[in-house]
file entry26.cif (mmCIF, C-alpha atoms)
data_structure
loop_
_atom_site.group_PDB
_atom_site.id
_atom_site.type_symbol
_atom_site.label_atom_id
_atom_site.label_comp_id
_atom_site.auth_asym_id
_atom_site.auth_seq_id
_atom_site.Cartn_x
_atom_site.Cartn_y
_atom_site.Cartn_z
ATOM 1 C CA MET A 1 -210.075 62.568 -61.090
ATOM 2 C CA THR A 2 -209.625 62.853 -64.871
ATOM 3 C CA THR A 3 -206.814 61.113 -66.789
ATOM 4 C CA ALA A 4 -205.015 64.448 -67.315
ATOM 5 C CA GLU A 5 -205.175 65.186 -63.588
ATOM 6 C CA LYS A 6 -203.746 61.739 -62.815
ATOM 7 C CA TYR A 7 -200.838 62.222 -65.201
ATOM 8 C CA VAL A 8 -200.071 65.747 -63.959
ATOM 9 C CA THR A 9 -200.119 64.486 -60.360
ATOM 10 C CA ALA A 10 -197.821 61.617 -61.367
ATOM 11 C CA ALA A 11 -195.368 64.053 -62.993
ATOM 12 C CA TYR A 12 -195.163 66.235 -59.890
ATOM 13 C CA CYS A 13 -194.917 63.160 -57.639
ATOM 14 C CA VAL A 14 -191.949 61.933 -59.722
ATOM 15 C CA VAL A 15 -190.152 65.259 -59.135
ATOM 16 C CA PHE A 16 -191.011 65.217 -55.422
ATOM 17 C CA ALA A 17 -189.906 61.579 -55.016
ATOM 18 C CA ALA A 18 -186.615 62.224 -56.824
ATOM 19 C CA VAL A 19 -185.770 65.190 -54.597
ATOM 20 C CA LEU A 20 -186.791 63.197 -51.506
ATOM 21 C CA VAL A 21 -184.645 60.190 -52.475
ATOM 22 C CA TYR A 22 -181.712 62.504 -53.205
ATOM 23 C CA VAL A 23 -182.033 64.259 -49.838
ATOM 24 C CA LEU A 24 -182.289 60.850 -48.090
ATOM 25 C CA ILE A 25 -179.124 59.636 -49.825
ATOM 26 C CA MET A 26 -177.332 62.827 -48.779
ATOM 27 C CA ALA A 27 -178.600 62.449 -45.187
ATOM 28 C CA LEU A 28 -177.261 58.874 -45.057
ATOM 29 C CA LYS A 29 -173.937 60.041 -46.452
ATOM 30 C CA LEU A 30 -173.714 62.814 -43.864
ATOM 31 C CA GLN A 31 -174.485 60.276 -41.111
ATOM 32 C CA ARG A 32 -171.602 58.135 -42.338
ATOM 33 C CA LEU A 33 -169.316 61.177 -42.396
ATOM 34 C CA GLU A 34 -170.404 62.075 -38.866
ATOM 35 C CA ARG A 35 -169.459 58.559 -37.723
ATOM 36 C CA ASP A 36 -166.096 58.893 -39.464
ATOM 37 C CA VAL A 37 -165.431 62.231 -37.763
ATOM 38 C CA ASP A 38 -166.343 60.717 -34.352
ATOM 39 C CA GLU A 39 -163.964 57.827 -34.997
ATOM 40 C CA LEU A 40 -161.172 60.227 -35.973
ATOM 41 C CA GLU A 41 -161.808 62.341 -32.889
ATOM 42 C CA ARG A 42 -161.561 59.240 -30.676
ATOM 43 C CA LYS A 43 -158.349 58.252 -32.439
ATOM 44 C CA GLU A 44 -156.876 61.725 -31.966
ATOM 45 C CA THR A 45 -157.840 61.802 -28.257
ATOM 46 C CA ALA A 46 -156.263 58.373 -27.754
ATOM 47 C CA GLU A 47 -153.058 59.562 -29.466
ATOM 48 C CA ASP A 48 -152.979 62.717 -27.302
ATOM 49 C CA ASP A 49 -153.405 60.635 -24.136
ATOM 50 C CA GLU A 50 -150.608 58.354 -25.274
ATOM 51 C CA ARG A 51 -148.300 61.309 -25.926
ATOM 52 C CA GLU A 52 -149.070 62.827 -22.485
ATOM 53 C CA THR A 53 -148.301 59.509 -20.776
ATOM 54 C CA VAL A 54 -144.948 59.288 -22.567
ATOM 55 C CA SER A 55 -143.926 62.862 -21.745
ATOM 56 C CA VAL A 56 -144.914 62.486 -18.043
ATOM 57 C CA GLY A 57 -143.221 59.093 -17.766
ATOM 58 C CA MET B 1 -148.532 59.401 -43.681
ATOM 59 C CA SER B 2 -148.964 62.372 -45.996
ATOM 60 C CA SER B 3 -148.450 65.918 -44.918
ATOM 61 C CA PRO B 4 -150.575 68.770 -46.289
ATOM 62 C CA SER B 5 -147.568 69.876 -48.349
ATOM 63 C CA SER B 6 -147.181 66.490 -50.067
ATOM 64 C CA PRO B 7 -148.188 66.186 -53.765
ATOM 65 C CA ALA B 8 -151.127 63.942 -52.818
ATOM 66 C CA ALA B 9 -152.459 66.446 -50.326
ATOM 67 C CA ALA B 10 -151.906 69.312 -52.754
ATOM 68 C CA THR B 11 -154.560 67.837 -55.054
ATOM 69 C CA ILE B 12 -157.133 67.747 -52.268
ATOM 70 C CA PRO B 13 -159.273 70.836 -51.967
ATOM 71 C CA ASP B 14 -159.769 72.621 -48.672
ATOM 72 C CA VAL B 15 -163.096 72.640 -46.893
ATOM 73 C CA GLY B 16 -165.247 75.421 -45.635
ATOM 74 C CA ARG B 17 -163.645 78.165 -47.676
ATOM 75 C CA THR B 18 -166.933 79.141 -49.291
ATOM 76 C CA ARG B 19 -168.365 82.319 -47.821
ATOM 77 C CA ARG B 20 -171.748 82.337 -49.510
ATOM 78 C CA ILE B 21 -175.383 82.072 -48.482
ATOM 79 C CA PRO B 22 -175.653 79.525 -45.617
ATOM 80 C CA LEU B 23 -177.059 76.149 -46.630
ATOM 81 C CA PRO B 24 -180.015 76.210 -44.160
ATOM 82 C CA ALA B 25 -181.114 79.583 -45.583
ATOM 83 C CA LEU B 26 -180.937 78.155 -49.088
ATOM 84 C CA ALA B 27 -182.923 75.072 -48.041
ATOM 85 C CA VAL B 28 -185.670 77.234 -46.504
ATOM 86 C CA SER B 29 -185.745 79.470 -49.602
ATOM 87 C CA SER B 30 -186.074 76.391 -51.828
ATOM 88 C CA LEU B 31 -188.909 75.018 -49.731
ATOM 89 C CA VAL B 32 -190.794 78.340 -49.714
ATOM 90 C CA LEU B 33 -190.283 78.926 -53.441
ATOM 91 C CA VAL B 34 -191.201 75.371 -54.499
ATOM 92 C CA SER B 35 -194.330 75.471 -52.298
ATOM 93 C CA THR B 36 -195.306 78.853 -53.763
ATOM 94 C CA ALA B 37 -194.686 77.556 -57.275
ATOM 95 C CA LEU B 38 -196.870 74.491 -56.636
ATOM 96 C CA ALA B 39 -199.643 76.693 -55.216
ATOM 97 C CA PHE B 40 -199.500 78.876 -58.336
ATOM 98 C CA VAL B 41 -199.386 75.864 -60.664
ATOM 99 C CA PHE B 42 -202.474 74.220 -59.172
ATOM 100 C CA PHE B 43 -204.546 77.125 -57.853
ATOM 101 C CA VAL B 44 -203.656 80.291 -59.759
ATOM 102 C CA ALA B 45 -202.575 79.427 -63.318
ATOM 103 C CA PRO B 46 -205.507 79.040 -65.709
ATOM 104 C CA ASN B 47 -206.124 75.951 -67.835
ATOM 105 C CA ASP B 48 -204.520 76.162 -71.258
ATOM 106 C CA ALA B 49 -206.989 76.718 -74.115
ATOM 107 C CA ASN B 50 -205.542 73.876 -76.225
ATOM 108 C CA GLN B 51 -204.145 71.357 -73.772
ATOM 109 C CA GLY B 52 -206.336 71.960 -70.736
ATOM 110 C CA PHE B 53 -205.180 70.720 -67.342
ATOM 111 C CA SER B 54 -202.279 68.647 -68.688
ATOM 112 C CA GLN B 55 -200.420 71.830 -69.690
ATOM 113 C CA ARG B 56 -199.609 72.321 -65.974
ATOM 114 C CA ILE B 57 -196.692 69.895 -66.355
ATOM 115 C CA PHE B 58 -195.056 72.616 -68.468
ATOM 116 C CA TYR B 59 -194.187 74.797 -65.447
ATOM 117 C CA PHE B 60 -191.835 72.277 -63.879
ATOM 118 C CA HIS B 61 -190.848 70.447 -67.076
ATOM 119 C CA VAL B 62 -189.452 73.565 -68.795
ATOM 120 C CA SER B 63 -187.995 74.962 -65.560
ATOM 121 C CA LEU B 64 -186.234 71.647 -64.910
ATOM 122 C CA ALA B 65 -184.785 71.744 -68.426
ATOM 123 C CA PHE B 66 -183.432 75.278 -68.030
ATOM 124 C CA THR B 67 -182.028 74.410 -64.596
ATOM 125 C CA ALA B 68 -180.282 71.369 -66.116
ATOM 126 C CA TYR B 69 -178.831 73.600 -68.861
ATOM 127 C CA ALA B 70 -177.697 76.129 -66.220
ATOM 128 C CA LEU B 71 -175.984 73.376 -64.225
ATOM 129 C CA PHE B 72 -174.228 71.989 -67.297
ATOM 130 C CA ILE B 73 -173.058 75.520 -68.196
ATOM 131 C CA ALA B 74 -171.848 76.039 -64.611
ATOM 132 C CA GLY B 75 -170.056 72.676 -64.868
ATOM 133 C CA ALA B 76 -168.328 73.836 -68.042
ATOM 134 C CA TRP B 77 -167.387 77.136 -66.408
ATOM 135 C CA GLN B 78 -165.811 75.318 -63.458
ATOM 136 C CA ALA B 79 -164.066 72.961 -65.893
ATOM 137 C CA PHE B 80 -162.657 76.016 -67.677
ATOM 138 C CA ARG B 81 -161.548 77.425 -64.321
ATOM 139 C CA TYR B 82 -159.819 74.158 -63.535
ATOM 140 C CA LEU B 83 -157.942 74.167 -66.830
ATOM 141 C CA TRP B 84 -157.061 77.847 -66.408
ATOM 142 C CA LYS B 85 -156.049 77.933 -62.724
ATOM 143 C CA ARG B 86 -155.446 74.237 -61.985
ATOM 144 C CA ASP B 87 -157.632 74.587 -58.905
ATOM 145 C CA PRO B 88 -158.657 71.064 -57.713
ATOM 146 C CA GLU B 89 -161.773 72.485 -56.074
ATOM 147 C CA ALA B 90 -162.954 73.712 -59.480
ATOM 148 C CA ASP B 91 -162.731 70.120 -60.763
ATOM 149 C CA LEU B 92 -164.892 68.933 -57.872
ATOM 150 C CA LYS B 93 -167.364 71.778 -58.470
ATOM 151 C CA SER B 94 -167.533 70.907 -62.162
ATOM 152 C CA TYR B 95 -168.243 67.264 -61.307
ATOM 153 C CA VAL B 96 -170.998 68.215 -58.831
ATOM 154 C CA CYS B 97 -172.601 70.598 -61.372
ATOM 155 C CA VAL B 98 -172.660 67.889 -64.044
ATOM 156 C CA HIS B 99 -174.056 65.361 -61.552
ATOM 157 C CA GLN B 100 -176.835 67.756 -60.545
ATOM 158 C CA GLY B 101 -177.493 68.603 -64.179
ATOM 159 C CA LEU B 102 -177.923 64.924 -64.915
ATOM 160 C CA ILE B 103 -180.416 64.515 -62.054
ATOM 161 C CA PHE B 104 -182.434 67.445 -63.399
ATOM 162 C CA GLY B 105 -182.047 66.061 -66.920
ATOM 163 C CA THR B 106 -183.513 62.726 -65.782
ATOM 164 C CA LEU B 107 -186.508 64.596 -64.367
ATOM 165 C CA VAL B 108 -186.919 66.514 -67.639
ATOM 166 C CA LEU B 109 -187.090 63.217 -69.545
ATOM 167 C CA LEU B 110 -189.513 61.672 -67.038
ATOM 168 C CA THR B 111 -191.895 64.639 -66.844
ATOM 169 C CA GLY B 112 -191.642 65.125 -70.614
ATOM 170 C CA SER B 113 -192.495 61.502 -71.166
ATOM 171 C CA ILE B 114 -195.587 61.784 -68.983
ATOM 172 C CA TRP B 115 -196.643 64.946 -70.809
ATOM 173 C CA ALA B 116 -196.077 63.225 -74.168
ATOM 174 C CA LYS B 117 -198.324 60.354 -73.080
ATOM 175 C CA ILE B 118 -201.199 62.751 -72.316
ATOM 176 C CA SER B 119 -200.719 65.002 -75.334
ATOM 177 C CA TRP B 120 -199.548 62.641 -78.065
ATOM 178 C CA GLY B 121 -200.611 59.261 -76.667
ATOM 179 C CA VAL B 122 -197.041 57.908 -76.661
ATOM 180 C CA TRP B 123 -194.293 57.938 -74.016
ATOM 181 C CA TRP B 124 -191.608 58.818 -76.543
ATOM 182 C CA THR B 125 -191.290 59.713 -80.217
ATOM 183 C CA TRP B 126 -188.104 59.586 -82.266
ATOM 184 C CA SER B 127 -189.464 61.985 -84.882
ATOM 185 C CA GLU B 128 -189.066 65.008 -82.593
ATOM 186 C CA ASP B 129 -185.653 66.658 -82.861
ATOM 187 C CA GLU B 130 -186.004 68.457 -79.524
ATOM 188 C CA LEU B 131 -186.539 65.180 -77.668
ATOM 189 C CA VAL B 132 -183.790 63.310 -79.469
ATOM 190 C CA LEU B 133 -181.283 66.159 -79.061
ATOM 191 C CA PHE B 134 -182.023 66.410 -75.354
ATOM 192 C CA LEU B 135 -181.535 62.638 -75.071
ATOM 193 C CA VAL B 136 -178.196 62.969 -76.909
ATOM 194 C CA LEU B 137 -177.160 65.716 -74.470
ATOM 195 C CA TYR B 138 -178.282 63.545 -71.546
ATOM 196 C CA LEU B 139 -176.389 60.467 -72.764
ATOM 197 C CA PHE B 140 -173.329 62.608 -73.462
ATOM 198 C CA TYR B 141 -173.266 63.658 -69.815
ATOM 199 C CA CYS B 142 -173.934 60.060 -68.692
ATOM 200 C CA ALA B 143 -170.737 59.138 -70.540
ATOM 201 C CA TYR B 144 -168.940 61.877 -68.551
ATOM 202 C CA PHE B 145 -169.248 59.666 -65.475
ATOM 203 C CA MET B 146 -168.041 56.594 -67.340
ATOM 204 C CA LEU B 147 -164.986 58.554 -68.456
ATOM 205 C CA ARG B 148 -164.353 60.099 -65.040
ATOM 206 C CA PHE B 149 -164.530 56.849 -63.122
ATOM 207 C CA SER B 150 -162.496 54.895 -65.647
ATOM 208 C CA VAL B 151 -159.418 56.994 -64.793
ATOM 209 C CA ASP B 152 -157.625 56.993 -61.427
ATOM 210 C CA SER B 153 -158.083 60.049 -59.240
ATOM 211 C CA GLY B 154 -155.551 62.778 -59.983
ATOM 212 C CA PRO B 155 -154.667 65.515 -62.473
ATOM 213 C CA GLN B 156 -155.195 63.251 -65.507
ATOM 214 C CA ARG B 157 -158.768 62.484 -64.496
ATOM 215 C CA ALA B 158 -159.427 66.157 -63.751
ATOM 216 C CA ASN B 159 -158.010 67.206 -67.147
ATOM 217 C CA LEU B 160 -160.045 64.660 -69.104
ATOM 218 C CA SER B 161 -163.238 65.487 -67.202
ATOM 219 C CA ALA B 162 -162.738 69.224 -67.699
ATOM 220 C CA VAL B 163 -162.184 68.923 -71.451
ATOM 221 C CA TYR B 164 -165.223 66.626 -71.760
ATOM 222 C CA ALA B 165 -167.442 68.998 -69.742
ATOM 223 C CA LEU B 166 -166.349 71.884 -71.976
ATOM 224 C CA PHE B 167 -167.248 69.918 -75.108
ATOM 225 C CA GLY B 168 -170.645 69.045 -73.652
ATOM 226 C CA VAL B 169 -171.663 72.662 -73.250
ATOM 227 C CA VAL B 170 -171.554 73.048 -77.036
ATOM 228 C CA LEU B 171 -174.520 70.673 -77.261
ATOM 229 C CA ILE B 172 -176.731 72.997 -75.186
ATOM 230 C CA PRO B 173 -177.295 75.708 -77.836
ATOM 231 C CA VAL B 174 -177.606 72.920 -80.407
ATOM 232 C CA SER B 175 -180.301 71.235 -78.328
ATOM 233 C CA PHE B 176 -182.066 74.520 -77.554
ATOM 234 C CA ALA B 177 -181.831 76.519 -80.766
ATOM 235 C CA ALA B 178 -181.102 74.316 -83.763
ATOM 236 C CA ILE B 179 -184.419 72.457 -83.674
ATOM 237 C CA ARG B 180 -186.263 75.763 -83.874
ATOM 238 C CA LEU B 181 -185.239 75.791 -87.513
ATOM 239 C CA ALA B 182 -187.353 72.667 -88.071
ATOM 240 C CA LYS B 183 -190.635 73.387 -89.847
ATOM 241 C CA GLU B 184 -192.830 70.568 -88.620
ATOM 242 C CA PHE B 185 -193.050 69.701 -84.972
ATOM 243 C CA LEU B 186 -195.262 68.302 -82.257
ATOM 244 C CA HIS B 187 -193.326 69.640 -79.284
ATOM 245 C CA PRO B 188 -194.681 73.084 -78.328
ATOM 246 C CA ARG B 189 -192.327 76.073 -78.788
ATOM 247 C CA VAL B 190 -192.875 78.278 -75.775
ATOM 248 C CA PHE B 191 -189.840 80.491 -76.325
ATOM 249 C CA THR B 192 -189.326 82.088 -79.715
ATOM 250 C CA LEU B 193 -187.059 84.846 -80.977
ATOM 251 C CA HIS B 194 -189.908 87.263 -80.161
ATOM 252 C CA GLY B 195 -190.136 86.182 -76.512
ATOM 253 C CA PRO B 196 -192.371 83.709 -74.655
ATOM 254 C CA ASN B 197 -195.580 82.508 -76.313
ATOM 255 C CA PHE B 198 -197.615 83.202 -73.177
ATOM 256 C CA GLY B 199 -198.409 85.962 -70.723
ATOM 257 C CA GLY B 200 -200.493 86.880 -67.660
ATOM 258 C CA TRP B 201 -200.688 84.342 -64.834
ATOM 259 C CA ILE B 202 -199.092 81.638 -66.960
ATOM 260 C CA LEU B 203 -195.952 83.778 -67.298
ATOM 261 C CA VAL B 204 -195.986 84.726 -63.596
ATOM 262 C CA THR B 205 -196.365 81.056 -62.581
ATOM 263 C CA TYR B 206 -193.616 80.004 -64.950
ATOM 264 C CA CYS B 207 -191.235 82.669 -63.566
ATOM 265 C CA ILE B 208 -191.911 81.538 -59.980
ATOM 266 C CA ALA B 209 -191.415 77.869 -60.927
ATOM 267 C CA GLN B 210 -188.199 78.727 -62.763
ATOM 268 C CA ALA B 211 -186.859 80.715 -59.806
ATOM 269 C CA ALA B 212 -187.862 77.887 -57.433
ATOM 270 C CA LEU B 213 -186.068 75.216 -59.439
ATOM 271 C CA LEU B 214 -182.956 77.353 -59.950
ATOM 272 C CA VAL B 215 -182.747 77.915 -56.190
ATOM 273 C CA LEU B 216 -183.463 74.207 -55.559
ATOM 274 C CA GLY B 217 -180.751 73.247 -58.045
ATOM 275 C CA TYR B 218 -178.267 75.590 -56.381
ATOM 276 C CA THR B 219 -179.214 74.266 -52.926
ATOM 277 C CA LEU B 220 -178.727 70.639 -53.972
ATOM 278 C CA TYR B 221 -175.448 71.598 -55.651
ATOM 279 C CA ARG B 222 -174.207 73.244 -52.465
ATOM 280 C CA LEU B 223 -175.397 70.290 -50.375
ATOM 281 C CA GLU B 224 -173.560 67.776 -52.525
ATOM 282 C CA LEU B 225 -170.462 69.965 -52.754
ATOM 283 C CA SER B 226 -170.358 70.355 -48.958
ATOM 284 C CA SER B 227 -170.620 66.607 -48.447
ATOM 285 C CA LYS B 228 -167.925 65.934 -51.062
ATOM 286 C CA LEU B 229 -165.586 68.486 -49.471
ATOM 287 C CA LEU B 230 -166.285 67.027 -46.029
ATOM 288 C CA ASP B 231 -165.533 63.573 -47.403
ATOM 289 C CA VAL B 232 -162.178 64.835 -48.692
ATOM 290 C CA ARG B 233 -161.426 66.455 -45.346
ATOM 291 C CA VAL B 234 -162.207 63.244 -43.433
ATOM 292 C CA ARG B 235 -159.971 61.280 -45.825
ATOM 293 C CA ARG B 236 -157.177 63.779 -45.319
ATOM 294 C CA LEU B 237 -157.524 63.593 -41.510
ATOM 295 C CA ARG B 238 -157.520 59.802 -41.653
ATOM 296 C CA GLU B 239 -154.316 59.871 -43.693
ATOM 297 C CA ALA B 240 -152.739 62.314 -41.244
ATOM 298 C CA LEU B 241 -153.665 60.163 -38.253
ATOM 299 C CA ALA B 242 -152.636 56.867 -39.869
#
call {"tool": "encode", "arguments": {"input": "entry26.cif", "output": "structure tokens"}}
result
Amino acid sequence: MTTAEKYVTAAYCVVFAAVLVYVLIMALKLQRLERDVDELERKETAEDDERETVSVG
Amino acid sequence: MSSPSSPAAATIPDVGRTRRIPLPALAVSSLVLVSTALAFVFFVAPNDANQGFSQRIFYFHVSLAFTAYALFIAGAWQAFRYLWKRDPEADLKSYVCVHQGLIFGTLVLLTGSIWAKISWGVWWTWSEDELVLFLVLYLFYCAYFMLRFSVDSGPQRANLSAVYALFGVVLIPVSFAAIRLAKEFLHPRVFTLHGPNFGGWILVTYCIAQAALLVLGYTLYRLELSSKLLDVRVRRLREALA
């Protein structure tokens, strides 16, 4: 591999790595959001159950 | 607890109102286009007569630069929309555009630096107006984030950010065109007033790479915007359930 080939490969690897890191960060953020949504859903279900118990009682 | 009609909720944009190309379709298009562009760069485009193999950095380096410019212009357009219509979603879109533009700008500087090392033997040179002006543009947009996050969330922050993003767009033609008036330069001029300085497979490869990076930029913009809007929605739900 010549020096030019090494540098060109490095340049394209930098672009690839940056996009990969960005997508990974976004994936982690979406995972966190998914957890938050689950938590909110649980909270909402618990509140609904509470309301039903009050109205029946 | 804040209701959707409260002033706080009124500043929060709604989610899922965008009826555009679905994100998975965009992601697949990006992947196909970037792969095609890479195949053309390494297997179809001929070696440059002057620079040889190292010229292949050009395809992504220049395309990244134009994508960064496009994102900064889109950011300014959304900033203008915010100032015109006072739409909070436009402020968020402007922010995401500038953020994406900065990511692409970082890649322009990195790939350019690598290319400079092969061609000129140095990672950076201060004597080149094109490089310095791009760095000025880049640092200007870095300061956008310092400004934005130094002010509390709300209309004041949105106003300041919008005005700043609009000012920034003025630097783009300066960075792109003004240095073409310079007589002595090291940095190659591939686009002149008479069109591109290349043709044949080099032009075809460049066009594919440019299309690929524009689609990639748009995909990443949409991805980040979706996550930001989802974040806002979750926050709003949490407030409503509190």
call {"tool": "closest_atom_pairs", "arguments": {"input": "entry26.cif", "of": "chain A", "to": "chain B", "cutoff": "7 Å", "atoms": "all atoms listed in the file", "output": "tab-separated table"}}
result
residue	atom	partner	partner_atom	distance
A:Ala4	CA	B:Ser54	CA	5.2
A:Glu5	CA	B:Phe53	CA	6.7
A:Tyr7	CA	B:Ile114	CA	6.5
A:Val8	CA	B:Ile57	CA	5.9
A:Ala11	CA	B:Thr111	CA	5.2
A:Val15	CA	B:Leu107	CA	6.4
A:Leu30	CA	B:Ser227	CA	6.7
A:Leu33	CA	B:Asp231	CA	6.7
A:Val37	CA	B:Val234	CA	6.6
A:Leu40	CA	B:Arg238	CA	6.8
call {"tool": "atom_distance", "arguments": {"input": "entry26.cif", "atom1": "atom CA of A:Leu20", "atom2": "atom CA of B:Gly75"}}
result
23.4 Å
call {"tool": "closest_residue", "arguments": {"input": "entry26.cif", "among": "B:Phe134, B:Phe80, B:Tyr221, B:Phe149", "to": "A:Val23", "atoms": "all atoms listed in the file"}}
result
B:Tyr221
call {"tool": "axis_aligned_box", "arguments": {"input": "entry26.cif", "around": "stretch 44-47 of chain A", "padding_each_side": "8 Å", "output": "JSON"}}
result
{"center_x": -155.4, "center_y": 60.1, "center_z": -29.9, "size_x": 20.8, "size_y": 19.4, "size_z": 20.2}
call {"tool": "atom_distance", "arguments": {"input": "entry26.cif", "atom1": "atom CA of B:Glu89", "atom2": "atom CA of B:Gly105"}}
result
23.9 Å
call {"tool": "atom_distance", "arguments": {"input": "entry26.cif", "atom1": "atom CA of B:Ser150", "atom2": "atom CA of A:Arg32"}}
result
25.2 Å
call {"tool": "closest_residue", "arguments": {"input": "entry26.cif", "among": "B:Ala70, B:Ala211, B:Val41, B:Leu166", "to": "A:Thr9", "atoms": "only C-alpha atoms"}}
result
B:Val41
call {"tool": "resolve_selection", "arguments": {"input": "entry26.cif", "expression": "the PyMOL selection byres ((chain B and resi 218) around 12)", "output": "PyMOL selection string"}}
result
chain B and resi 20-23+25-27+29-30+67-68+70-71+74+93+96-97+100-101+104+211-217+219-225
call {"tool": "closest_residue", "arguments": {"input": "entry26.cif", "among": "B:Phe42, B:Trp77, B:Tyr138, B:Phe145", "to": "B:Leu171", "atoms": "all atoms listed in the file"}}
result
B:Tyr138
call {"tool": "resolve_selection", "arguments": {"input": "entry26.cif", "expression": "the PyMOL selection byres ((chain B and resi 207) around 12)", "output": "PDB file with C-alpha atoms, keeping the file's coordinate frame"}}
result
ATOM      1  CA  LEU B  33    -190.283  78.926 -53.441  1.00  0.00           C
ATOM      2  CA  VAL B  34    -191.201  75.371 -54.499  1.00  0.00           C
ATOM      3  CA  THR B  36    -195.306  78.853 -53.763  1.00  0.00           C
ATOM      4  CA  ALA B  37    -194.686  77.556 -57.275  1.00  0.00           C
ATOM      5  CA  PHE B  40    -199.500  78.876 -58.336  1.00  0.00           C
ATOM      6  CA  VAL B  41    -199.386  75.864 -60.664  1.00  0.00           C
ATOM      7  CA  ALA B  45    -202.575  79.427 -63.318  1.00  0.00           C
ATOM      8  CA  PHE B  58    -195.056  72.616 -68.468  1.00  0.00           C
ATOM      9  CA  TYR B  59    -194.187  74.797 -65.447  1.00  0.00           C
ATOM     10  CA  PHE B  60    -191.835  72.277 -63.879  1.00  0.00           C
ATOM     11  CA  VAL B  62    -189.452  73.565 -68.795  1.00  0.00           C
ATOM     12  CA  SER B  63    -187.995  74.962 -65.560  1.00  0.00           C
ATOM     13  CA  PHE B  66    -183.432  75.278 -68.030  1.00  0.00           C
ATOM     14  CA  PRO B 196    -192.371  83.709 -74.655  1.00  0.00           C
ATOM     15  CA  PHE B 198    -197.615  83.202 -73.177  1.00  0.00           C
ATOM     16  CA  GLY B 199    -198.409  85.962 -70.723  1.00  0.00           C
ATOM     17  CA  GLY B 200    -200.493  86.880 -67.660  1.00  0.00           C
ATOM     18  CA  TRP B 201    -200.688  84.342 -64.834  1.00  0.00           C
ATOM     19  CA  ILE B 202    -199.092  81.638 -66.960  1.00  0.00           C
ATOM     20  CA  LEU B 203    -195.952  83.778 -67.298  1.00  0.00           C
ATOM     21  CA  VAL B 204    -195.986  84.726 -63.596  1.00  0.00           C
ATOM     22  CA  THR B 205    -196.365  81.056 -62.581  1.00  0.00           C
ATOM     23  CA  TYR B 206    -193.616  80.004 -64.950  1.00  0.00           C
ATOM     24  CA  ILE B 208    -191.911  81.538 -59.980  1.00  0.00           C
ATOM     25  CA  ALA B 209    -191.415  77.869 -60.927  1.00  0.00           C
ATOM     26  CA  GLN B 210    -188.199  78.727 -62.763  1.00  0.00           C
ATOM     27  CA  ALA B 211    -186.859  80.715 -59.806  1.00  0.00           C
ATOM     28  CA  ALA B 212    -187.862  77.887 -57.433  1.00  0.00           C
ATOM     29  CA  LEU B 213    -186.068  75.216 -59.439  1.00  0.00           C
ATOM     30  CA  LEU B 214    -182.956  77.353 -59.950  1.00  0.00           C
TER      31      LEU B 214
END
call {"tool": "closest_residue", "arguments": {"input": "entry26.cif", "among": "B:Gln156, B:Asn197, B:Asn47, B:Thr125", "to": "B:Leu109", "atoms": "only C-alpha atoms"}}
result
B:Thr125
call {"tool": "decode", "arguments": {"input": "entry26.cif", "residues": "stretch 97-109 of chain B", "atoms": "C-alpha atoms", "output": "PDB file, in the first residue's frame"}}
result
ATOM      1  CA  CYS B  97     -29.568  21.924  10.675  1.00  0.00           C
ATOM      2  CA  VAL B  98     -26.734  23.924  12.242  1.00  0.00           C
ATOM      3  CA  HIS B  99     -25.705  20.931  14.371  1.00  0.00           C
ATOM      4  CA  GLN B 100     -25.601  18.676  11.310  1.00  0.00           C
ATOM      5  CA  GLY B 101     -23.764  21.343   9.343  1.00  0.00           C
ATOM      6  CA  LEU B 102     -21.144  21.481  12.059  1.00  0.00           C
ATOM      7  CA  ILE B 103     -20.683  17.694  11.980  1.00  0.00           C
ATOM      8  CA  PHE B 104     -20.189  17.835   8.212  1.00  0.00           C
ATOM      9  CA  GLY B 105     -17.933  20.866   8.648  1.00  0.00           C
ATOM     10  CA  THR B 106     -15.742  18.898  11.076  1.00  0.00           C
ATOM     11  CA  LEU B 107     -15.419  16.153   8.462  1.00  0.00           C
ATOM     12  CA  VAL B 108     -14.501  18.728   5.800  1.00  0.00           C
ATOM     13  CA  LEU B 109     -11.668  19.998   8.011  1.00  0.00           C
TER      14      LEU B 109
END
